[in-house]
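See below for target10.tsv, which holds TSV, C-alpha atoms.
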```
chain	number	residue	atom	x	y	z
A	1	MET	CA	29.46	14.39	26.97
A	2	ASN	CA	27.92	17.59	25.71
A	3	ARG	CA	24.09	17.37	25.81
A	4	GLU	CA	23.77	19.62	22.76
A	5	LEU	CA	25.49	17.01	20.62
A	6	MET	CA	23.27	14.17	21.78
A	7	PRO	CA	20.11	13.49	19.76
A	8	THR	CA	16.91	14.10	21.69
A	9	HIS	CA	14.59	12.09	19.45
A	10	ARG	CA	14.44	8.62	17.98
A	11	PRO	CA	15.72	8.14	14.47
A	12	VAL	CA	13.06	8.39	11.78
A	13	PRO	CA	12.33	5.13	9.96
A	14	GLY	CA	13.31	5.23	6.35
A	15	LEU	CA	11.33	4.23	3.34
A	16	GLY	CA	12.91	0.79	3.60
A	17	ALA	CA	11.23	0.16	6.96
A	18	VAL	CA	7.84	1.13	5.58
A	19	LEU	CA	8.29	-1.02	2.47
A	20	GLY	CA	9.62	-3.93	4.54
A	21	TRP	CA	6.61	-3.94	6.85
A	22	ALA	CA	4.28	-3.58	3.85
A	23	ALA	CA	5.93	-6.53	2.09
A	24	LEU	CA	5.66	-8.66	5.24
A	25	ALA	CA	1.98	-7.72	5.61
A	26	LEU	CA	1.23	-8.69	2.00
A	27	PHE	CA	3.15	-11.95	2.25
A	28	THR	CA	1.60	-13.07	5.53
A	29	ALA	CA	-1.91	-12.09	4.37
A	30	ALA	CA	-1.47	-14.07	1.15
A	31	PHE	CA	-0.08	-17.05	3.08
A	32	ALA	CA	-2.99	-16.91	5.57
A	33	ILE	CA	-5.49	-16.85	2.70
A	34	PHE	CA	-3.74	-19.81	1.09
A	35	GLU	CA	-3.89	-21.76	4.36
A	36	ALA	CA	-7.55	-20.85	4.88
A	37	VAL	CA	-8.48	-22.06	1.39
A	38	ALA	CA	-6.46	-25.25	1.79
A	39	HIS	CA	-7.75	-26.18	5.26
A	40	GLY	CA	-11.30	-24.86	5.50
A	41	TRP	CA	-13.36	-22.28	7.25
A	42	TRP	CA	-12.06	-22.96	10.79
A	43	THR	CA	-8.65	-21.77	9.74
A	44	ALA	CA	-10.15	-18.72	8.03
A	45	LEU	CA	-12.06	-17.88	11.19
A	46	ALA	CA	-8.95	-18.26	13.37
A	47	GLY	CA	-6.88	-16.08	11.03
A	48	ALA	CA	-9.56	-13.37	10.89
A	49	ALA	CA	-10.00	-13.43	14.67
A	50	LEU	CA	-6.32	-12.88	15.35
A	51	LEU	CA	-6.11	-10.31	12.58
A	52	ALA	CA	-8.59	-8.21	14.58
A	53	ALA	CA	-7.39	-9.15	18.08
A	54	PRO	CA	-4.35	-6.83	18.42
A	55	GLY	CA	-6.54	-3.83	17.72
A	56	LEU	CA	-9.00	-4.87	20.41
A	57	VAL	CA	-6.37	-5.58	23.06
A	58	GLY	CA	-5.75	-1.84	23.46
A	59	ARG	CA	-8.90	-1.66	25.55
A	60	VAL	CA	-7.25	-3.87	28.21
A	61	GLY	CA	-4.34	-1.52	28.85
A	62	PRO	CA	-1.21	-0.02	27.33
A	63	ARG	CA	1.12	-2.85	28.38
A	64	ALA	CA	-1.12	-5.47	26.77
A	65	ASP	CA	-1.40	-3.29	23.66
A	66	ARG	CA	2.37	-3.02	23.34
A	67	ALA	CA	2.76	-6.78	23.85
A	68	ALA	CA	0.12	-7.56	21.22
A	69	HIS	CA	1.85	-5.35	18.66
A	70	ARG	CA	5.26	-7.02	18.87
A	71	ALA	CA	6.35	-9.32	16.04
A	72	LEU	CA	8.17	-11.83	18.23
A	73	PRO	CA	5.21	-13.70	19.82
A	74	PRO	CA	3.52	-14.69	16.53
A	75	VAL	CA	6.90	-15.61	15.02
A	76	VAL	CA	7.61	-17.86	18.02
A	77	VAL	CA	4.19	-19.51	17.58
A	78	LEU	CA	4.86	-20.05	13.85
A	79	ILE	CA	8.27	-21.61	14.51
A	80	ALA	CA	7.03	-23.76	17.40
A	81	TYR	CA	4.09	-25.03	15.36
A	82	SER	CA	6.32	-25.76	12.37
A	83	LEU	CA	8.68	-27.83	14.53
A	84	SER	CA	5.94	-29.64	16.46
A	85	PRO	CA	4.06	-32.80	15.39
A	86	LEU	CA	0.68	-31.04	15.80
A	87	GLU	CA	-1.71	-31.10	12.88
A	88	LEU	CA	-3.96	-28.19	13.79
A	89	PRO	CA	-3.67	-25.76	10.87
A	90	TRP	CA	-5.86	-23.16	12.54
A	91	ILE	CA	-3.04	-22.43	15.02
A	92	PHE	CA	-0.65	-21.66	12.18
A	93	THR	CA	-3.21	-19.53	10.33
A	94	ALA	CA	-4.10	-17.65	13.53
A	95	ALA	CA	-0.42	-16.81	14.06
A	96	LEU	CA	-0.22	-15.64	10.43
A	97	GLY	CA	-3.24	-13.41	11.03
A	98	TRP	CA	-1.60	-11.99	14.16
A	99	LEU	CA	1.67	-11.33	12.33
A	100	THR	CA	-0.28	-9.68	9.49
A	101	ALA	CA	-1.96	-7.34	11.99
A	102	VAL	CA	1.40	-6.49	13.56
A	103	ALA	CA	2.94	-5.80	10.14
A	104	ILE	CA	0.03	-3.58	9.06
A	105	SER	CA	0.20	-1.64	12.33
A	106	SER	CA	3.98	-1.27	12.12
A	107	CYS	CA	3.83	-0.16	8.50
A	108	ALA	CA	1.22	2.47	9.32
A	109	SER	CA	3.07	3.78	12.35
A	110	ALA	CA	6.42	3.85	10.53
A	111	GLY	CA	4.81	5.76	7.69
A	112	ARG	CA	3.19	8.18	10.12
A	113	ARG	CA	6.51	8.82	11.91
A	114	ARG	CA	8.17	9.34	8.53
A	115	ARG	CA	5.53	11.85	7.37
A	116	CYS	CA	5.50	13.75	10.66
A	117	SER	CA	9.27	14.16	10.66
A	118	THR	CA	9.48	15.51	7.11
A	119	THR	CA	6.67	18.03	7.48
A	120	GLY	CA	7.79	19.51	10.78
```
Rendering of file as structure tokens:
Amino acid sequence: MNRELMPTHRPVPGLGAVLGWAALALFTAAFAIFEAVAHGWWTALAGAALLAAPGLVGRVGPRADRAAHRALPPVVVLIAYSLSPLELPWIFTAALGWLTAVAISSCASAGRRRRCSTTG
């Protein structure tokens, strides 16, 4: 295959990706606040701690940072908790906080990639 015809860069995320991540961030933040109000300050503390945690993991190393900014782990925790008989709402709220942090980070990076590609 001719190398000149092959793209050399990743496709730029569209406005839909930015809006999708922003909508997910707003929804999960609102849901975490609802859970914190319904179940007390322990759940609020857990949600706030995991909202900040992905940003702090970058100090450990790049692999840990990439793993902390993936959407799959908090979604797996949310699904597993929902299907389990556990009644520890702080786990659910912490996973919501983590997913909110991932969505905010993804929205910001998708917007940055979008801006950089249109100005250059």
Per-residue nearest contacts range 47-112 of chain A to range 17-32 of chain A, cut-off 10 Å, using only C-alpha atoms, as a tab-separated table:
```
residue	atom	partner	partner_atom	distance
A:Gly47	CA	A:Ala32	CA	6.8
A:Ala48	CA	A:Ala32	CA	9.2
A:Leu51	CA	A:Ala29	CA	9.4
A:Trp90	CA	A:Ala32	CA	9.8
A:Phe92	CA	A:Ala32	CA	8.5
A:Thr93	CA	A:Ala32	CA	5.4
A:Ala94	CA	A:Ala32	CA	8.1
A:Ala95	CA	A:Ala32	CA	8.9
A:Leu96	CA	A:Ala32	CA	5.7
A:Gly97	CA	A:Ala32	CA	6.5
A:Trp98	CA	A:Thr28	CA	9.3
A:Leu99	CA	A:Thr28	CA	7.0
A:Thr100	CA	A:Ala25	CA	4.9
A:Ala101	CA	A:Ala25	CA	7.5
A:Val102	CA	A:Ala25	CA	8.1
A:Ala103	CA	A:Ala25	CA	5.0
A:Ile104	CA	A:Ala25	CA	5.7
A:Ser105	CA	A:Trp21	CA	8.7
A:Ser106	CA	A:Trp21	CA	6.5
A:Cys107	CA	A:Trp21	CA	5.0
A:Ala108	CA	A:Val18	CA	7.7
A:Ser109	CA	A:Val18	CA	8.7
A:Ala110	CA	A:Val18	CA	5.8
A:Gly111	CA	A:Val18	CA	5.9
A:Arg112	CA	A:Val18	CA	9.6
```
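You will find CA of Gly40 in chain A at 23.7 Å from CA of Val76 in chain A.
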Between CA of Arg63 in chain A and CA of Leu83 in chain A, what is the spacing in Å? 29.5 Å
So which one's closest to Ile33 in chain A, A:Leu15, A:Leu56, A:Val75, A:Ala46? Using all atoms listed in the file, please.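 Of all the options, A:Ala46 lies closest to Ile33 in chain A.
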Atomic separation - CA of Pro62 in chain A relative to CA of Thr43 in chain A, Å: 28.9 Å
Is there a way to complete range 29-42 of chain A with N, CA, C and O atoms and then write that out as a short mmCIF file (atom, residue, chain, number, x, y, z; two decimals), in the coordinates of the input?
```cif
data_model
loop_
_atom_site.label_atom_id
_atom_site.label_comp_id
_atom_site.auth_asym_id
_atom_site.auth_seq_id
_atom_site.Cartn_x
_atom_site.Cartn_y
_atom_site.Cartn_z
N ALA A 29 -0.48 -12.06 4.72
CA ALA A 29 -1.91 -12.09 4.37
C ALA A 29 -2.17 -13.10 3.26
O ALA A 29 -3.12 -13.88 3.34
N ALA A 30 -1.31 -13.11 2.25
CA ALA A 30 -1.47 -14.07 1.15
C ALA A 30 -1.29 -15.50 1.66
O ALA A 30 -2.05 -16.41 1.26
N PHE A 31 -0.33 -15.72 2.53
CA PHE A 31 -0.08 -17.05 3.08
C PHE A 31 -1.26 -17.50 3.95
O PHE A 31 -1.68 -18.66 3.92
N ALA A 32 -1.83 -16.58 4.74
CA ALA A 32 -2.99 -16.91 5.57
C ALA A 32 -4.20 -17.26 4.70
O ALA A 32 -4.93 -18.21 5.01
N ILE A 33 -4.39 -16.54 3.61
CA ILE A 33 -5.49 -16.85 2.70
C ILE A 33 -5.28 -18.21 2.07
O ILE A 33 -6.21 -19.01 1.95
N PHE A 34 -4.05 -18.51 1.66
CA PHE A 34 -3.74 -19.81 1.09
C PHE A 34 -4.05 -20.93 2.08
O PHE A 34 -4.67 -21.94 1.73
N GLU A 35 -3.63 -20.75 3.34
CA GLU A 35 -3.89 -21.76 4.36
C GLU A 35 -5.39 -21.91 4.63
O GLU A 35 -5.88 -23.01 4.84
N ALA A 36 -6.11 -20.79 4.63
CA ALA A 36 -7.55 -20.85 4.88
C ALA A 36 -8.28 -21.59 3.75
O ALA A 36 -9.19 -22.38 4.01
N VAL A 37 -7.87 -21.36 2.52
CA VAL A 37 -8.48 -22.06 1.39
C VAL A 37 -8.12 -23.54 1.42
O VAL A 37 -8.97 -24.40 1.16
N ALA A 38 -6.91 -23.86 1.78
CA ALA A 38 -6.46 -25.25 1.79
C ALA A 38 -7.06 -26.07 2.94
O ALA A 38 -7.29 -27.26 2.78
N HIS A 39 -7.35 -25.41 4.08
CA HIS A 39 -7.75 -26.18 5.26
C HIS A 39 -9.16 -25.90 5.75
O HIS A 39 -9.56 -26.47 6.77
N GLY A 40 -9.90 -25.04 5.13
CA GLY A 40 -11.30 -24.86 5.50
C GLY A 40 -11.60 -23.62 6.30
O GLY A 40 -10.74 -22.80 6.61
N TRP A 41 -12.87 -23.51 6.66
CA TRP A 41 -13.36 -22.28 7.25
C TRP A 41 -12.91 -22.08 8.69
O TRP A 41 -12.87 -20.95 9.17
N TRP A 42 -12.57 -23.14 9.43
CA TRP A 42 -12.06 -22.96 10.79
C TRP A 42 -10.76 -22.18 10.78
O TRP A 42 -10.52 -21.33 11.64
#
```
